[in-house]
Structure formats: C-alpha cells, structure tokens
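Enquirer: Take this structure first; my questions come after.
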Amino acid sequence: QKEVEQNSGPLSVPEGAIASLNCTYSDRGSQSFFWYRQYSGKSPELIMFIYSNGDKEDGRFTAQLNKASQYVSLLIRDSQPSDSATYLCAVRGRGSTLGRLYFGRGTQLTVWP
Amino acid sequence: DAGITQSPRYKITETGRQVTLMCHQTWSHSYMFWYRQDLGHGLRLIYYSAAADITDKGEVPDGYVVSRSKTENFPLTLESATRSQTSVYFCASSDVMDGYTFGSGTRLTVV
C-alpha cells in the first residue's frame, strides 16, 4: 500500500501570507505528483502537477518536489480568503497501478481576512 | 455537455435496498474510478476500471458492484444498502498519465 502523508492541519494563515502545505510519500520510485483543492461540499479539482525535481510555478501557486527526500509541497503566495479549502496531495502509482493516484487525507487551510 | 456527470446528486434510501449511482464521461478517458469520502477517512477507492470490461477492486469494495460495458459509463451499485454506506461518492476519470477529473459527487444517505 502506497503511503501519502500530509501535515494534518488545520492550517490557518492571515490574508497576504504564504501558506505552505506539505506531503511525503513512501514509494521512492514515484514520478508524478498532483495537488487538488476541494472546497467544502464540492469535488476535488486539480490545481497543480509536478514531475521533475525543483519548483514549478503557476500564478500564486508553487509546487516543489524533492524526490531524494520523498517530499512534495505546495506554496500559496499572497493567500486570499478564497483559498480556504482542503488541499489533497496525490501520487501516481507505478507498474500495474500506473493509472491510479494515491491520495493523502488532505490539509484544511483557512485564510482569515 | 462535455465532462463528467454523476447522478443523482442526492439520494435517500432504506437499508437493504439496491441503489445504483451513475457516472458518465464524454472524453473517452480509459480510466474511471469510484471513491467514497467520509470525515476522518479522506478519499477511499472503491473500484476502478482501466478500460471497458476491465474492473478492479480498490481499498473498500465490499458491498459494491461495478460494471463497465461502455467506455463512457461506470455505474456503481450497492446491492443491499447499509447505514455504513452513507457517504459522499465521487466518480473520476483520466487518461493513464493525467490527473483525475472528478464528478460533482452523489450524497447518499441510507436510513
């Protein structure tokens, strides 16, 4: 069973701050990583994916991957109240489970005005 | 409409009844998935399918049945509903190397 662990939260930051969401995974050979955002009462939506070590930026969002440490993170700069949601980390399987994503339990983020 | 749709959005049923949740996608994605989401458990995979007529169990398959006779449809049936199956059910689809796209979910209550 592939393990994906996220900092349990909840995480609370003031508007304008940087929110840092962290995720570790157990399978050292994992290659593809995804971040989903889920608003309360809604379905998860894909916001970022990253395959290579380093940083990947998309607007206010930056995904960071360190395969040696088996660590992936999501930074949200200039956090807004509209960023308040649960963020799910997901890791793609390998071999016979290549088509599957393994999800962490999520970190609830609250951005207060 | 293009996308992935689930029906019904809400369902209340009685213990012991058979219930079928529907999922339809228009992208011809090869993979389709059924998850349930409960407080404290996160997303748990019930069943998934890599292609038409190919299905496989996930983490919590007991009490559920799936079929996939057509690529675009992946219905989930609760053969004899129990209160423990009260949950929010999400269907998702993807191509093999992409992320999932989720449907809007079905909130099922078993009384």
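The chains in the structure tokens are called A, B, ... from first to last as shown; in each chain the residues are counted from 1, and the ligands are counted from 1 in the order shown.
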Residues within 8 Å of region 45-57 of chain A, please, as a short mmCIF file (atom, residue, chain, number, x, y, z; two decimals) with C-alpha atoms, in the first residue's frame. Count only C-alpha atoms; anything in the same chain fewer than 2 positions from it doesn't count.

Expert:
data_model
loop_
_atom_site.label_atom_id
_atom_site.label_comp_id
_atom_site.auth_asym_id
_atom_site.auth_seq_id
_atom_site.Cartn_x
_atom_site.Cartn_y
_atom_site.Cartn_z
CA GLN A 31 7.38 10.01 -10.61
CA SER A 32 4.22 12.10 -10.80
CA PHE A 33 2.62 14.28 -8.16
CA PHE A 34 -0.59 16.24 -8.06
CA TRP A 35 -2.26 18.83 -5.87
CA TYR A 36 -6.02 19.09 -5.66
CA ARG A 37 -8.14 21.73 -3.98
CA GLN A 38 -11.51 20.83 -2.52
CA SER A 43 -15.49 17.84 -5.56
CA GLY A 59 0.42 32.23 -10.67
CA ARG A 60 0.36 32.38 -6.88
CA PHE A 61 0.93 28.64 -6.58
CA THR A 62 4.32 26.93 -6.49
CA ALA A 63 4.77 23.18 -6.30
CA GLN A 64 8.10 21.94 -5.00
CA LEU A 65 9.41 18.41 -5.44
CA ASN A 66 12.38 16.73 -3.78
CA LYS A 67 12.49 13.09 -4.84
CA GLY B 99 -4.61 13.73 -13.23
CA TYR B 100 -8.17 12.79 -12.45
CA THR B 101 -11.20 14.89 -13.20
CA PHE B 102 -13.90 14.36 -10.61
#

Enquirer: Per residue of region 85-104 of chain B within 12 Å of region 63-70 of chain B, note the shortest atom pair and the distance in Å to one decimal, counting only C-alpha atoms, and order the rows by chain and increasing residue number, as JSON lines.

Expert:
{"residue": "B:Gln85", "atom": "CA", "partner": "B:Gly63", "partner_atom": "CA", "distance": 8.6}
{"residue": "B:Tyr89", "atom": "CA", "partner": "B:Tyr64", "partner_atom": "CA", "distance": 12.0}
{"residue": "B:Cys91", "atom": "CA", "partner": "B:Val66", "partner_atom": "CA", "distance": 11.9}

Enquirer: Determine, counting only C-alpha atoms, which protein, DNA and RNA residues have an atom within 8 Å of an atom of region 71-73 of chain B; residues of the same chain fewer than 2 positions away are not included. Present the result as JSON, numbers by chain.

Expert: {"B": [22, 23, 24, 25, 26, 27, 28, 29, 30, 51, 52, 68, 69, 75]}

Enquirer: Using CA of Thr15 (chain B) and CA of Ser87 (chain B) as the two end points, give the distance in Å to one decimal.

Expert: 13.8 Å

Enquirer: Using only C-alpha atoms, select each residue of chain B with any atom at most 6 Å away from an atom of chain A, and give the selection as a PyMOL selection string.

Expert: chain B and resi 42+96+104

Enquirer: Just want the 8 Å neighbourhood of Phe33 (chain B), counted on only C-alpha atoms, with same-chain residues fewer than 4 positions away dropped. Output as a VMD selection string.

Expert: chain B and resid 45 to 49 91 to 93

Enquirer: At what distance in Å, to one decimal, does CA of Asn22 (chain A) lie from CA of Gln80 (chain A)?

Expert: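 Going from CA of Gln80 (chain A) over to CA of Asn22 (chain A) covers 18.7 Å.
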
Enquirer: If you measure from CA of Thr110 (chain A) to CA of Gln70 (chain A), what distance in Å do you get, rounded to one decimal?

Expert: 26.0 Å

Enquirer: With only C-alpha atoms as the counted atoms, please give the residues lying no more than 9 Å from Tyr25 (chain A), apart from itself and same-chain residues fewer than 3 positions off, as a list in words.

Expert: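 Residues near the query, excluding close chain neighbours: Lys2, Glu3, Val4, Glu5, Gln6, Arg28, Ser30, Gln70, Tyr71, Val72, Val91 and Gly104 of chain A.
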
Enquirer: Write the residues of the selection above to a file with N, CA and C atoms, as a PDB file, in the first residue's frame.

Expert:
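Below you can see part.pdb, which holds the result:
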ATOM      1  N   LYS A   2       0.689   2.104  -0.952  1.00  0.00           N
ATOM      2  CA  LYS A   2       1.481   3.314  -1.009  1.00  0.00           C
ATOM      3  C   LYS A   2       0.945   4.315   0.000  1.00  0.00           C
ATOM      4  N   GLU A   3       1.878   4.925   0.734  1.00  0.00           N
ATOM      5  CA  GLU A   3       1.506   5.874   1.760  1.00  0.00           C
ATOM      6  C   GLU A   3       1.757   7.285   1.270  1.00  0.00           C
ATOM      7  N   VAL A   4       0.772   8.130   1.489  1.00  0.00           N
ATOM      8  CA  VAL A   4       0.910   9.548   1.199  1.00  0.00           C
ATOM      9  C   VAL A   4       0.452  10.281   2.450  1.00  0.00           C
ATOM     10  N   GLU A   5       1.372  11.008   3.056  1.00  0.00           N
ATOM     11  CA  GLU A   5       1.078  11.678   4.310  1.00  0.00           C
ATOM     12  C   GLU A   5       1.102  13.190   4.115  1.00  0.00           C
ATOM     13  N   GLN A   6       0.133  13.842   4.696  1.00  0.00           N
ATOM     14  CA  GLN A   6       0.097  15.305   4.657  1.00  0.00           C
ATOM     15  C   GLN A   6       0.070  15.858   6.066  1.00  0.00           C
ATOM     16  N   ARG A  28       9.729   5.366  -3.180  1.00  0.00           N
ATOM     17  CA  ARG A  28      10.857   6.159  -3.662  1.00  0.00           C
ATOM     18  C   ARG A  28      10.863   6.301  -5.183  1.00  0.00           C
ATOM     19  N   SER A  30       8.304   6.846  -7.148  1.00  0.00           N
ATOM     20  CA  SER A  30       7.189   7.633  -7.672  1.00  0.00           C
ATOM     21  C   SER A  30       7.690   8.764  -8.541  1.00  0.00           C
ATOM     22  N   GLN A  70      11.705  12.483  -0.796  1.00  0.00           N
ATOM     23  CA  GLN A  70      10.340  11.978  -0.944  1.00  0.00           C
ATOM     24  C   GLN A  70       9.341  12.961  -0.361  1.00  0.00           C
ATOM     25  N   TYR A  71       9.450  14.156  -0.862  1.00  0.00           N
ATOM     26  CA  TYR A  71       8.739  15.301  -0.276  1.00  0.00           C
ATOM     27  C   TYR A  71       8.225  16.177  -1.413  1.00  0.00           C
ATOM     28  N   VAL A  72       6.947  16.548  -1.309  1.00  0.00           N
ATOM     29  CA  VAL A  72       6.373  17.490  -2.262  1.00  0.00           C
ATOM     30  C   VAL A  72       5.578  18.514  -1.472  1.00  0.00           C
ATOM     31  N   VAL A  91      -0.214  11.011  -5.449  1.00  0.00           N
ATOM     32  CA  VAL A  91       0.982  10.444  -6.076  1.00  0.00           C
ATOM     33  C   VAL A  91       0.541   9.342  -7.028  1.00  0.00           C
ATOM     34  N   GLY A 104      -3.400  11.631  -0.169  1.00  0.00           N
ATOM     35  CA  GLY A 104      -3.314  11.890   1.248  1.00  0.00           C
ATOM     36  C   GLY A 104      -4.688  12.284   1.779  1.00  0.00           C
TER      37      GLY A 104
END

Enquirer: Among chain A, which residues does DSSP mark as strand (DSSP E or B) when it is run on the backbone? Keep the chain and numbering as in the structure and answer as number ranges by chain.

Expert: A: 4-6, 11-14, 19-25, 33-38, 45-50, 54-58, 61-66, 71-76, 85-92, 101-103, 107-112

Enquirer: Using only C-alpha atoms, which residue out of A:Thr86, A:Gly95, A:Pro81, A:Ser73 lies closest to Pro14 (chain A)?

Expert: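 Selected residue with least distance to Pro14 (chain A): A:Pro81.
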
Enquirer: Can you pull out the residues contacting Gly16 (chain A)? Cut-off 8 Å, using only C-alpha atoms, and skip same-chain residues under 4 positions away; I want them as a ChimeraX atom specification.

Expert: /A:77-80
